[in-house]
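Novice: Take this structure first; my questions come after.
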Amino acid sequence: MTNPVVNIAVVNFKTVWGDKNANLERICAYAEQAALCGADIIVLPELALTGYDDEADKPLHQKMQTLLAETIPGPATDRVSEIAKRTGAYILFGMPEVDGDDPSVTRNSAAICLPDGSVRSFRKVHMPAGEASWARRGDEPLFLDTPFGVIGVGICYDSYKFPELVRMTKARGGQLFINVTALPFEDILPNVNREDLESMALADSIYLASANLVGLDLYKHFMGGSSVLGPGETVGETAYYAGYPFGDPAGQQPGVFLAAIDLSLAESECCHTRRLFTAGPEGQAPGWRPAIYQEMCDTVLNDPDWQRRVRAH
């Protein structure tokens, strides 16, 4: 039977740019303490293991992310996996991953350490321009089957601008999506991504656990704002159950935010989208229609003009 109540910890994480050992020690320390506080799921940010900032003037083989990348499983995940197995927690953190099938390829990945001691990898599917200088995008979504139901995972750009991963999570019966992210003040205004997450929680009636870097990395200042948010009792309003919205000064310090949430409330009467993915009364069909969307996407994929535009960029 699925347990609908889950303790989620999200970490505002301050990196030491390029110092993998120092970052790993703090990842482990945060995970240990969050587990002691009862966390079932512990989320750390994108590239927490190494730091995020890219040295744009360096060639690929000299970039910090390339030099410090590891396989998954590998030395870093072995350390964190020990904690996950001992505490029974799911622990997620971002890192550059060496592709085991092609060592010349580096991915921007989220390592997922499971309570049974196994480790999985989610490779960022949608790649913004800056990261494309060192990372190759992934091609496969990741959905975790857990005692709390299906959980989807995305990394930053995956979560904010592409609703497909979130909607697939919900369509599979999941009520929680995890966003491993790295948002600096220099790149975007805080309200832009805050509104992305809040609208997603409402549109899909789903909970989101988002963990962000905080403070100075190499040269960019990351905004923190790690949080657990989702639909609230009032229709049309997003509730923050732990942490703070992006841009809130109270959320710009390193630390852990923890909340116990009842995932079943995402399907309660107060959620106006609760029949988006399930049949309504008297056999009323769900609102979401993937067969039509598949046909629409096939039309685009087979359009020579679209193919030319993609090749041109």
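Chains: A, B, ... in order of the structure tokens. Residues: from 1 per chain. Ligands: from 1, in order shown.
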Identify all residues of range 72-281 of chain A in strand (DSSP E) (DSSP on the backbone) and supply them as an NGL selection string.

Specialist: :A and (90-99 or 102-113 or 119-123 or 143-146 or 149-155 or 176-180 or 207-211 or 214-216 or 221-223 or 227-231 or 238-243 or 255-262)

Novice: Any chance you could export the current selection's C-alpha atoms as a PDB file, in the first residue's frame?

Specialist:
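That gives us result_21.pdb:
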ATOM      1  CA  TYR A  90      16.243   8.590  -0.917  1.00  0.00           C
ATOM      2  CA  ILE A  91      19.083  11.060  -1.569  1.00  0.00           C
ATOM      3  CA  LEU A  92      19.422  13.070  -4.783  1.00  0.00           C
ATOM      4  CA  PHE A  93      22.284  15.389  -5.727  1.00  0.00           C
ATOM      5  CA  GLY A  94      23.623  16.915  -8.925  1.00  0.00           C
ATOM      6  CA  MET A  95      27.010  16.066 -10.433  1.00  0.00           C
ATOM      7  CA  PRO A  96      28.852  15.856 -13.767  1.00  0.00           C
ATOM      8  CA  GLU A  97      28.683  12.250 -14.944  1.00  0.00           C
ATOM      9  CA  VAL A  98      31.089  10.408 -17.213  1.00  0.00           C
ATOM     10  CA  ASP A  99      29.108   8.359 -19.703  1.00  0.00           C
ATOM     11  CA  ASP A 102      31.523   6.757 -24.025  1.00  0.00           C
ATOM     12  CA  PRO A 103      34.147   8.222 -21.636  1.00  0.00           C
ATOM     13  CA  SER A 104      34.558  11.262 -23.889  1.00  0.00           C
ATOM     14  CA  VAL A 105      30.992  12.359 -23.054  1.00  0.00           C
ATOM     15  CA  THR A 106      30.051  14.252 -19.888  1.00  0.00           C
ATOM     16  CA  ARG A 107      26.460  14.638 -18.688  1.00  0.00           C
ATOM     17  CA  ASN A 108      24.775  17.049 -16.309  1.00  0.00           C
ATOM     18  CA  SER A 109      23.154  14.450 -14.076  1.00  0.00           C
ATOM     19  CA  ALA A 110      21.247  13.884 -10.871  1.00  0.00           C
ATOM     20  CA  ALA A 111      22.484  10.908  -8.875  1.00  0.00           C
ATOM     21  CA  ILE A 112      19.703   9.110  -7.001  1.00  0.00           C
ATOM     22  CA  CYS A 113      20.802   6.931  -4.091  1.00  0.00           C
ATOM     23  CA  VAL A 119      22.037   4.058  -7.502  1.00  0.00           C
ATOM     24  CA  ARG A 120      20.330   5.548 -10.532  1.00  0.00           C
ATOM     25  CA  SER A 121      21.128   8.455 -12.816  1.00  0.00           C
ATOM     26  CA  PHE A 122      18.914  11.030 -14.465  1.00  0.00           C
ATOM     27  CA  ARG A 123      20.668  12.915 -17.266  1.00  0.00           C
ATOM     28  CA  PHE A 143      10.331   7.827 -12.756  1.00  0.00           C
ATOM     29  CA  LEU A 144      11.000   6.282  -9.354  1.00  0.00           C
ATOM     30  CA  ASP A 145       8.637   3.691  -7.912  1.00  0.00           C
ATOM     31  CA  THR A 146       8.662   4.340  -4.165  1.00  0.00           C
ATOM     32  CA  GLY A 149       4.096   6.460  -5.184  1.00  0.00           C
ATOM     33  CA  VAL A 150       5.717   7.397  -8.473  1.00  0.00           C
ATOM     34  CA  ILE A 151       8.179  10.305  -8.280  1.00  0.00           C
ATOM     35  CA  GLY A 152       9.458  12.198 -11.332  1.00  0.00           C
ATOM     36  CA  VAL A 153      12.835  13.928 -11.580  1.00  0.00           C
ATOM     37  CA  GLY A 154      13.999  16.939 -13.596  1.00  0.00           C
ATOM     38  CA  ILE A 155      17.030  19.206 -13.614  1.00  0.00           C
ATOM     39  CA  LEU A 176       5.548  14.498  -6.449  1.00  0.00           C
ATOM     40  CA  PHE A 177       8.131  15.917  -8.846  1.00  0.00           C
ATOM     41  CA  ILE A 178      11.717  16.685  -7.796  1.00  0.00           C
ATOM     42  CA  ASN A 179      13.566  19.666  -9.277  1.00  0.00           C
ATOM     43  CA  VAL A 180      17.356  19.605  -8.877  1.00  0.00           C
ATOM     44  CA  TYR A 207       3.794  18.718  -5.241  1.00  0.00           C
ATOM     45  CA  LEU A 208       7.282  19.938  -6.111  1.00  0.00           C
ATOM     46  CA  ALA A 209      10.502  19.584  -4.134  1.00  0.00           C
ATOM     47  CA  SER A 210      13.098  22.026  -5.467  1.00  0.00           C
ATOM     48  CA  ALA A 211      16.704  22.389  -4.220  1.00  0.00           C
ATOM     49  CA  VAL A 214      23.008  29.468  -2.762  1.00  0.00           C
ATOM     50  CA  GLY A 215      25.658  32.177  -2.546  1.00  0.00           C
ATOM     51  CA  LEU A 216      28.793  32.756  -4.600  1.00  0.00           C
ATOM     52  CA  HIS A 221      25.603  34.396  -7.062  1.00  0.00           C
ATOM     53  CA  PHE A 222      22.953  31.706  -6.644  1.00  0.00           C
ATOM     54  CA  MET A 223      19.580  32.672  -5.212  1.00  0.00           C
ATOM     55  CA  SER A 227      11.325  24.788  -1.189  1.00  0.00           C
ATOM     56  CA  VAL A 228       8.557  22.219  -1.020  1.00  0.00           C
ATOM     57  CA  LEU A 229       5.417  23.613  -2.614  1.00  0.00           C
ATOM     58  CA  GLY A 230       2.153  22.416  -4.030  1.00  0.00           C
ATOM     59  CA  PRO A 231      -1.592  22.897  -4.169  1.00  0.00           C
ATOM     60  CA  THR A 238       0.104  27.618  -4.274  1.00  0.00           C
ATOM     61  CA  ALA A 239       1.207  26.746  -0.742  1.00  0.00           C
ATOM     62  CA  TYR A 240       4.829  26.648   0.459  1.00  0.00           C
ATOM     63  CA  TYR A 241       5.197  23.822   2.961  1.00  0.00           C
ATOM     64  CA  ALA A 242       8.948  24.296   3.531  1.00  0.00           C
ATOM     65  CA  GLY A 243      11.543  26.827   2.453  1.00  0.00           C
ATOM     66  CA  GLY A 255      20.552  25.218   5.232  1.00  0.00           C
ATOM     67  CA  VAL A 256      17.929  22.506   5.186  1.00  0.00           C
ATOM     68  CA  PHE A 257      14.171  22.981   4.952  1.00  0.00           C
ATOM     69  CA  LEU A 258      11.936  20.045   5.836  1.00  0.00           C
ATOM     70  CA  ALA A 259       8.212  19.360   5.612  1.00  0.00           C
ATOM     71  CA  ALA A 260       5.872  16.427   6.050  1.00  0.00           C
ATOM     72  CA  ILE A 261       3.249  16.512   3.310  1.00  0.00           C
ATOM     73  CA  ASP A 262       0.243  14.367   2.497  1.00  0.00           C
TER      74      ASP A 262
END

Novice: For the helix (DSSP H, G or I) assignment from backbone DSSP, which residues of range 54-266 of chain A qualify? Please present them as a PyMOL selection string.

Specialist: chain A and resi 60-62+64-68+75-87+131-133+157-161+164-171+190-204+249-251+263-266

Novice: Which neighbours of Ala56 in chain A fall inside 10 Å, counting only C-alpha atoms, when residues of the same chain fewer than 6 positions from it are skipped, and could you give them as a PyMOL selection string?

Specialist: chain A and resi 63+130-131+133-134

Novice: Separation of CA of Asn212 in chain A and CA of Gly225 in chain A, in Å?

Specialist: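 So the two atoms, CA of Asn212 in chain A and CA of Gly225 in chain A, lie 6.5 Å apart.
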
Novice: List as JSON, numbers by chain the protein and nucleic acid residues near Pro254 in chain A, meaning an atom at most 9 Å away when only C-alpha atoms are counted, but skip any in the same chain fewer than 3 places from it.

Specialist: {"A": [11, 12, 13, 14, 213, 214, 215, 224, 251]}

Novice: Between CA of Arg167 in chain A and CA of Met200 in chain A, what is the spacing in Å?

Specialist: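 Calculated distance between CA of Met200 in chain A and CA of Arg167 in chain A is 9.2 Å.
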
Novice: Considering only C-alpha atoms, return as a CSV table (one decimal) with C-alpha atoms, in the first residue's frame whatever protein or nucleic-acid residues lie within 9 Å of Arg194 in chain A, sequence-local ones (same chain, fewer than 2 positions apart) excluded.

Specialist:
chain,number,residue,atom,x,y,z
A,160,TYR,CA,10.7,25.2,-15.8
A,190,PRO,CA,13.7,35.3,-9.4
A,191,ASN,CA,10.0,35.7,-10.2
A,192,VAL,CA,10.3,34.1,-13.6
A,196,ASP,CA,7.0,28.6,-13.5
A,197,LEU,CA,7.0,26.3,-10.4
A,198,GLU,CA,3.8,27.7,-8.9
A,199,SER,CA,1.8,27.5,-12.1
A,245,PRO,CA,10.1,31.3,-2.9
A,246,PHE,CA,13.0,32.3,-5.2
A,247,GLY,CA,14.0,35.9,-4.4
